[in-house]
Number of protein chains: 2
Amino acid sequence: MMKIGIAVLLLSSVCCAQSPDGFQPASTNVWGAEYPRVDAGGRAEFRVKAPDATQVQVDFWGNPKLAMVKQSDGFWTATSAPLVPGFHYYSLVIDGVAVSDPGSHTFFGGGKDASAIEIPEAGSTYYLPQDVPHGGVREVWYFSKVTGSWRHALVYTPPNYDTQSRERYPVLYLQHGGGEDETGWIKQGHANFILDNLIAEKTSKPMIIVMAYGYAKPAGHPLSDSTGKPFGSPDMMKAMQEMSAAFEADVTQALIPYIDANFRTIADRDHRAMAGLSMGGMQTFQVTFDHLDLFSYIGGFSGAGGMSMMRGEEKLDMKTAFNGALADPAAFAKRVHLLWIGVGTEEPARMHDGIEKFHTALTDANVKHIFYESPGTSHEWQTWRRDLKDFAPRLFQAAGH
Amino acid sequence: MMKIGIAVLLLSSVCCAQSPDGFQPASTNVWGAEYPRVDAGGRAEFRVKAPDATQVQVDFWGNPKLAMVKQSDGFWTATSAPLVPGFHYYSLVIDGVAVSDPGSHTFFGGGKDASAIEIPEAGSTYYLPQDVPHGGVREVWYFSKVTGSWRHALVYTPPNYDTQSRERYPVLYLQHGGGEDETGWIKQGHANFILDNLIAEKTSKPMIIVMAYGYAKPAGHPLSDSTGKPFGSPDMMKAMQEMSAAFEADVTQALIPYIDANFRTIADRDHRAMAGLSMGGMQTFQVTFDHLDLFSYIGGFSGAGGMSMMRGEEKLDMKTAFNGALADPAAFAKRVHLLWIGVGTEEPARMHDGIEKFHTALTDANVKHIFYESPGTSHEWQTWRRDLKDFAPRLFQAAGH
């Protein structure tokens with residue numbers, strides 16, 4: 001029932017030995033873990049001890065899986081082809097069971113604490129800690145009457161937030177994707193380092209970033225049961241709509257009041273933004289377009305706006321879409337200081353093309369917006385890091401603020 | 001290479017269905033995971049899909065392992081005997097490979113991100129979030145010239161830290177155990193909730209708590225290579241001493257100055273405490289006794305002080321132990337406001353008896369101290385939660401402060 005960890009600690013004290021073939025332990029590894037390893041070309045080496053297993057694979061959450069080969073010492077090993085730079089979730093599949101790699105830290109994605117490997121991007125330091133003033137990241141707990149529960153959120157405060165104690169700041173609400181949670185933008189995305197670096201070079205205004213937990217159940221009401229129902233079925237859509245509604249109510253009735261009461265915010269719509277990735281992008285569009293009295297900057301990363309297109313519709317009805325907010329493009333541009341959408345060029349066609357069509361529809365309707373494509377990246381964190389790097393500098397720049 | 005997590009999210013939206021036999025999903029589970037489950041008697045049910053595996057077990061990091069039984073649907077299940085209340089690490093062992101349970105969140109312990117299950121303790125709410133003012137937990141990064149690297153720490157700030165912006169606070173440095181990291185006292189230990197509750201009932205003074213990363217390598221010097229060397233061997237002890245020395249230098253030369261510069265501390269020895277569990281307790285004794293100019297409150301949870309006893313020595317040489325600080329008990333009691341040691345009654349005999357002997361030696365030498373035994377708990381977090389609950393109220397109470 002117990003374990004004294006000293007032995008583990010000591011055994012792992014010889015970290016990071018140089019490999020003769022140029023492979024280094026990944027930055028996502030736990031202290032002392034030699035594997036997985038990465039080389040300068042983006043190849044990754046995996047290794048796990050499983051003497052009694054009959055099949056072991058590396059699964060990058062797609063196909064095909066990378067077969068590992070059993071060595072005489074009971075370890076299984078494999079080397080990948082060069083991987084796209086950035087952050088990749090993966091699992092080890094041991095005799096058919098997908099599990100985490102003990103050598104990797106875990107990151108909440110796919111509904112579980114999952115392994116991941118960071119492939120460095122040559123020349124990119126914008127999401128790494130640099131010798132610049134650093135902001136802080138705070139864990140907060142707030143009680144939500146909407147959900148009837150304590151909820152956990154992370155809050156980035158810009159450098160010198162504590163010492164410049166008369167200063168007030170605008171706020172970006174920034175949401176994770178489906179299957180992820182409120183820790184994603186820090187642990188996977190490095191949003192804090194991205195903002196530290198942008199603020200240091202005076203590209204972004206100092207701001208507070210709030211990262212909330214994107215799931216919600218209304219107090220006293222279980223969500224509709226969609227167990228075993230197929231994706232997109234009416235039961236499933238009903239459960240999702242109930243959750244979306246509860247999340248929207250939580251953000252607007254519990255979270256924003258909590259943040260404005262507990263942080264030195266500028267608590268008006270001109271100084272409040274929301275963005276999110278994938279599911280978080282769709283939530284962003286729902287929350288912001290329902291509450292343009294609260295928000296004036298809107299960002300959808302790899303998700304928002306493209307849904308109707310992804311369902312096969314070829315045109316947006318600008319008169320009715322988004323509560324009719326886009327019906328008068330001139331009025332919209334005056335009211336909403338930024339509408340920003342982005343997608344990676346290598347995302348699945350359904351996702352990429354849906355968002356591109358949404359961009360085209362906005363353009364055709366003369367709705368002012370920014371469309372950003374991340375070259376060479378898929379539905380992954382490198383896309384969203386780049387999104388934030390492009391998006392954040394455009395925030396809170398409207399004349400007069 | 002990608003996965004859109006929406007399906008996962010929706011499939012997991014039917015959380016927490018009531019089980020007819022009184023089992024409920026554990027509080028340590030990920031969103032929507034039905035297993036593991038716990039009943040009011042402390043029994044735990046485990047379930048994992050592994051149709052192609054030939055043997056699956058639950059390993060509570062000890063022996064014997066709990067055998068899981070394969071069901072006709074490819075799931076393996078098992079129900080444990082009643083478990084001691086508290087937080088228990090565990091692994092699933094699939095065909096001989098110890099892995100995390102996808103249904104559980106992970107917690108850094110044993111040198112990896114590991115599964116754990118929380119068994120509620122009837123009537124104990126002191127480590128749970130209550131309807132009281134909550135402090136915050138901040139992530140900070142500081143550059144350490146000692147290690148030549150950015151280092152991550154967590155900092156608890158007491159309720160109203162932000163609004164009472166002229167107030168200054170004493171500081172407790174609180175360390176994790178071997179194989180764990182700086183996240184342990186929050187994620188596993190709930191130190192923030194423990195302090196929130198103690199402060200709300202005015203049992204503890206409001207204080208800042210700093211939780212640092214307990215491993216350190218001196219800049220430019222790899223640790224001695226102890227790969228493959230047996231536990232306790234000279235090579236291993238050398239590597240450990242090098243790390244301890246680097247950690248001590250990091251705390252005293254980098255971390256404390258950073259904290260005092262960036263938080264509203266009372267930066268003197270009368271308002272600075274240090275405590276730690278297991279390895280962290282030993283580090284605490286090393287750092288504090290080497291720097292009594294910096295610390296006046298000392299706590300060792302399940303580790304500190306007992307090491308010489310555990311090595312078979314029957315007596316402490318009070319003239320030389322701890323740099324001779326205990327040689328004059330009256331002077332020591334005047335200089336050190338609190339020396340606190342604790343251990344669980346069910347810890348391994350070597351650990352429990354070593355610390356008890358240390359307590360006896362201190363008593364025989366008239367060294368003022370507190371000795372606390374946690375009834376019924378082992379070398380686990382329930383012991384250390386109780387330790388903190390007893391220890392924190394004794395801090396910063398010395399006359400004149």
# chains A, B, ... in the order shown; residues from 1 in each chain; ligands from 1
$ select_by_dssp --residues "stretch 61-281 of chain B" --states "helix (DSSP H, G or I)" --output "number ranges by chain"
B: 184-187, 191-200, 234-262, 269-271, 279-281
$ residues_around --residues "stretch 230-247 of chain B" --least-positions-apart "5" --cutoff "6 Å" --atoms "only C-alpha atoms" --output "number ranges by chain"
B: 216-218, 223-224
$ closest_residue --among "A:Lys49, A:Arg166, A:His271, A:Arg138" --to "B:Ala153" --atoms "only C-alpha atoms"
A:Arg138
$ closest_atom_pairs --of "stretch 306-382 of chain A" --to "stretch 248-269 of chain A" --cutoff "12 Å" --atoms "only C-alpha atoms" --output "tab-separated table"
residue	atom	partner	partner_atom	distance
A:Arg335	CA	A:Arg269	CA	9.8
A:Val336	CA	A:Arg269	CA	9.5
A:His337	CA	A:Arg269	CA	10.1
$ write_last_selection --atoms "C-alpha atoms" --output "PDB file, in the first residue's frame"
ATOM      1  CA  ARG A 335     -19.512  46.930 -32.603  1.00  0.00           C
ATOM      2  CA  VAL A 336     -17.098  43.979 -32.760  1.00  0.00           C
ATOM      3  CA  HIS A 337     -13.488  45.131 -32.840  1.00  0.00           C
TER       4      HIS A 337
END
$ atom_distance --atom1 "atom CA of A:Leu174" --atom2 "atom CA of A:Pro129"
20.0 Å
$ decode --residues "stretch 180-199 of chain B" --atoms "N, CA, C and O atoms" --output "compact mmCIF listing (two decimals), in the first residue's frame"
# COMPACT_ATOMS: atom_id res chain seq x y z
N GLU B 180 8.01 12.38 -6.25
CA GLU B 180 6.92 13.34 -6.50
C GLU B 180 7.51 14.66 -6.98
O GLU B 180 8.72 14.78 -7.19
N ASP B 181 6.66 15.66 -7.16
CA ASP B 181 7.19 16.95 -7.57
C ASP B 181 6.40 18.08 -6.93
O ASP B 181 5.58 17.86 -6.03
N GLU B 182 6.64 19.29 -7.38
CA GLU B 182 6.10 20.48 -6.72
C GLU B 182 4.57 20.56 -6.79
O GLU B 182 3.97 21.38 -6.09
N THR B 183 3.95 19.72 -7.61
CA THR B 183 2.49 19.75 -7.69
C THR B 183 1.83 18.91 -6.59
O THR B 183 0.61 18.99 -6.39
N GLY B 184 2.60 18.07 -5.90
CA GLY B 184 2.03 17.09 -4.98
C GLY B 184 1.23 17.68 -3.83
O GLY B 184 0.14 17.19 -3.50
N TRP B 185 1.74 18.73 -3.22
CA TRP B 185 1.04 19.27 -2.04
C TRP B 185 -0.32 19.87 -2.40
O TRP B 185 -1.20 19.95 -1.56
N ILE B 186 -0.49 20.29 -3.66
CA ILE B 186 -1.81 20.79 -4.06
C ILE B 186 -2.66 19.64 -4.58
O ILE B 186 -3.76 19.39 -4.08
N LYS B 187 -2.17 18.92 -5.57
CA LYS B 187 -3.00 17.91 -6.24
C LYS B 187 -3.29 16.72 -5.34
O LYS B 187 -4.42 16.25 -5.28
N GLN B 188 -2.28 16.19 -4.68
CA GLN B 188 -2.49 15.05 -3.81
C GLN B 188 -2.88 15.50 -2.40
O GLN B 188 -3.76 14.93 -1.78
N GLY B 189 -2.19 16.53 -1.91
CA GLY B 189 -2.33 16.88 -0.50
C GLY B 189 -3.46 17.83 -0.18
O GLY B 189 -3.93 17.89 0.95
N HIS B 190 -3.89 18.64 -1.16
CA HIS B 190 -4.93 19.65 -0.92
C HIS B 190 -4.49 20.67 0.12
O HIS B 190 -5.31 21.16 0.90
N ALA B 191 -3.21 20.99 0.11
CA ALA B 191 -2.68 21.95 1.10
C ALA B 191 -3.44 23.26 1.06
O ALA B 191 -3.65 23.90 2.10
N ASN B 192 -3.86 23.67 -0.11
CA ASN B 192 -4.60 24.95 -0.21
C ASN B 192 -5.93 24.86 0.53
O ASN B 192 -6.29 25.78 1.27
N PHE B 193 -6.66 23.77 0.34
CA PHE B 193 -7.95 23.66 1.04
C PHE B 193 -7.73 23.53 2.55
O PHE B 193 -8.49 24.07 3.35
N ILE B 194 -6.70 22.79 2.94
CA ILE B 194 -6.40 22.65 4.38
C ILE B 194 -6.16 24.02 4.99
O ILE B 194 -6.72 24.36 6.04
N LEU B 195 -5.35 24.84 4.33
CA LEU B 195 -5.08 26.18 4.88
C LEU B 195 -6.29 27.08 4.80
O LEU B 195 -6.56 27.85 5.73
N ASP B 196 -7.03 27.04 3.69
CA ASP B 196 -8.27 27.83 3.60
C ASP B 196 -9.15 27.57 4.83
O ASP B 196 -9.67 28.50 5.45
N ASN B 197 -9.32 26.28 5.14
CA ASN B 197 -10.22 25.92 6.24
C ASN B 197 -9.64 26.31 7.59
O ASN B 197 -10.36 26.82 8.46
N LEU B 198 -8.34 26.11 7.79
CA LEU B 198 -7.71 26.49 9.06
C LEU B 198 -7.75 28.01 9.26
O LEU B 198 -7.97 28.50 10.37
N ILE B 199 -7.50 28.73 8.18
CA ILE B 199 -7.51 30.20 8.28
C ILE B 199 -8.92 30.70 8.55
O ILE B 199 -9.14 31.60 9.35
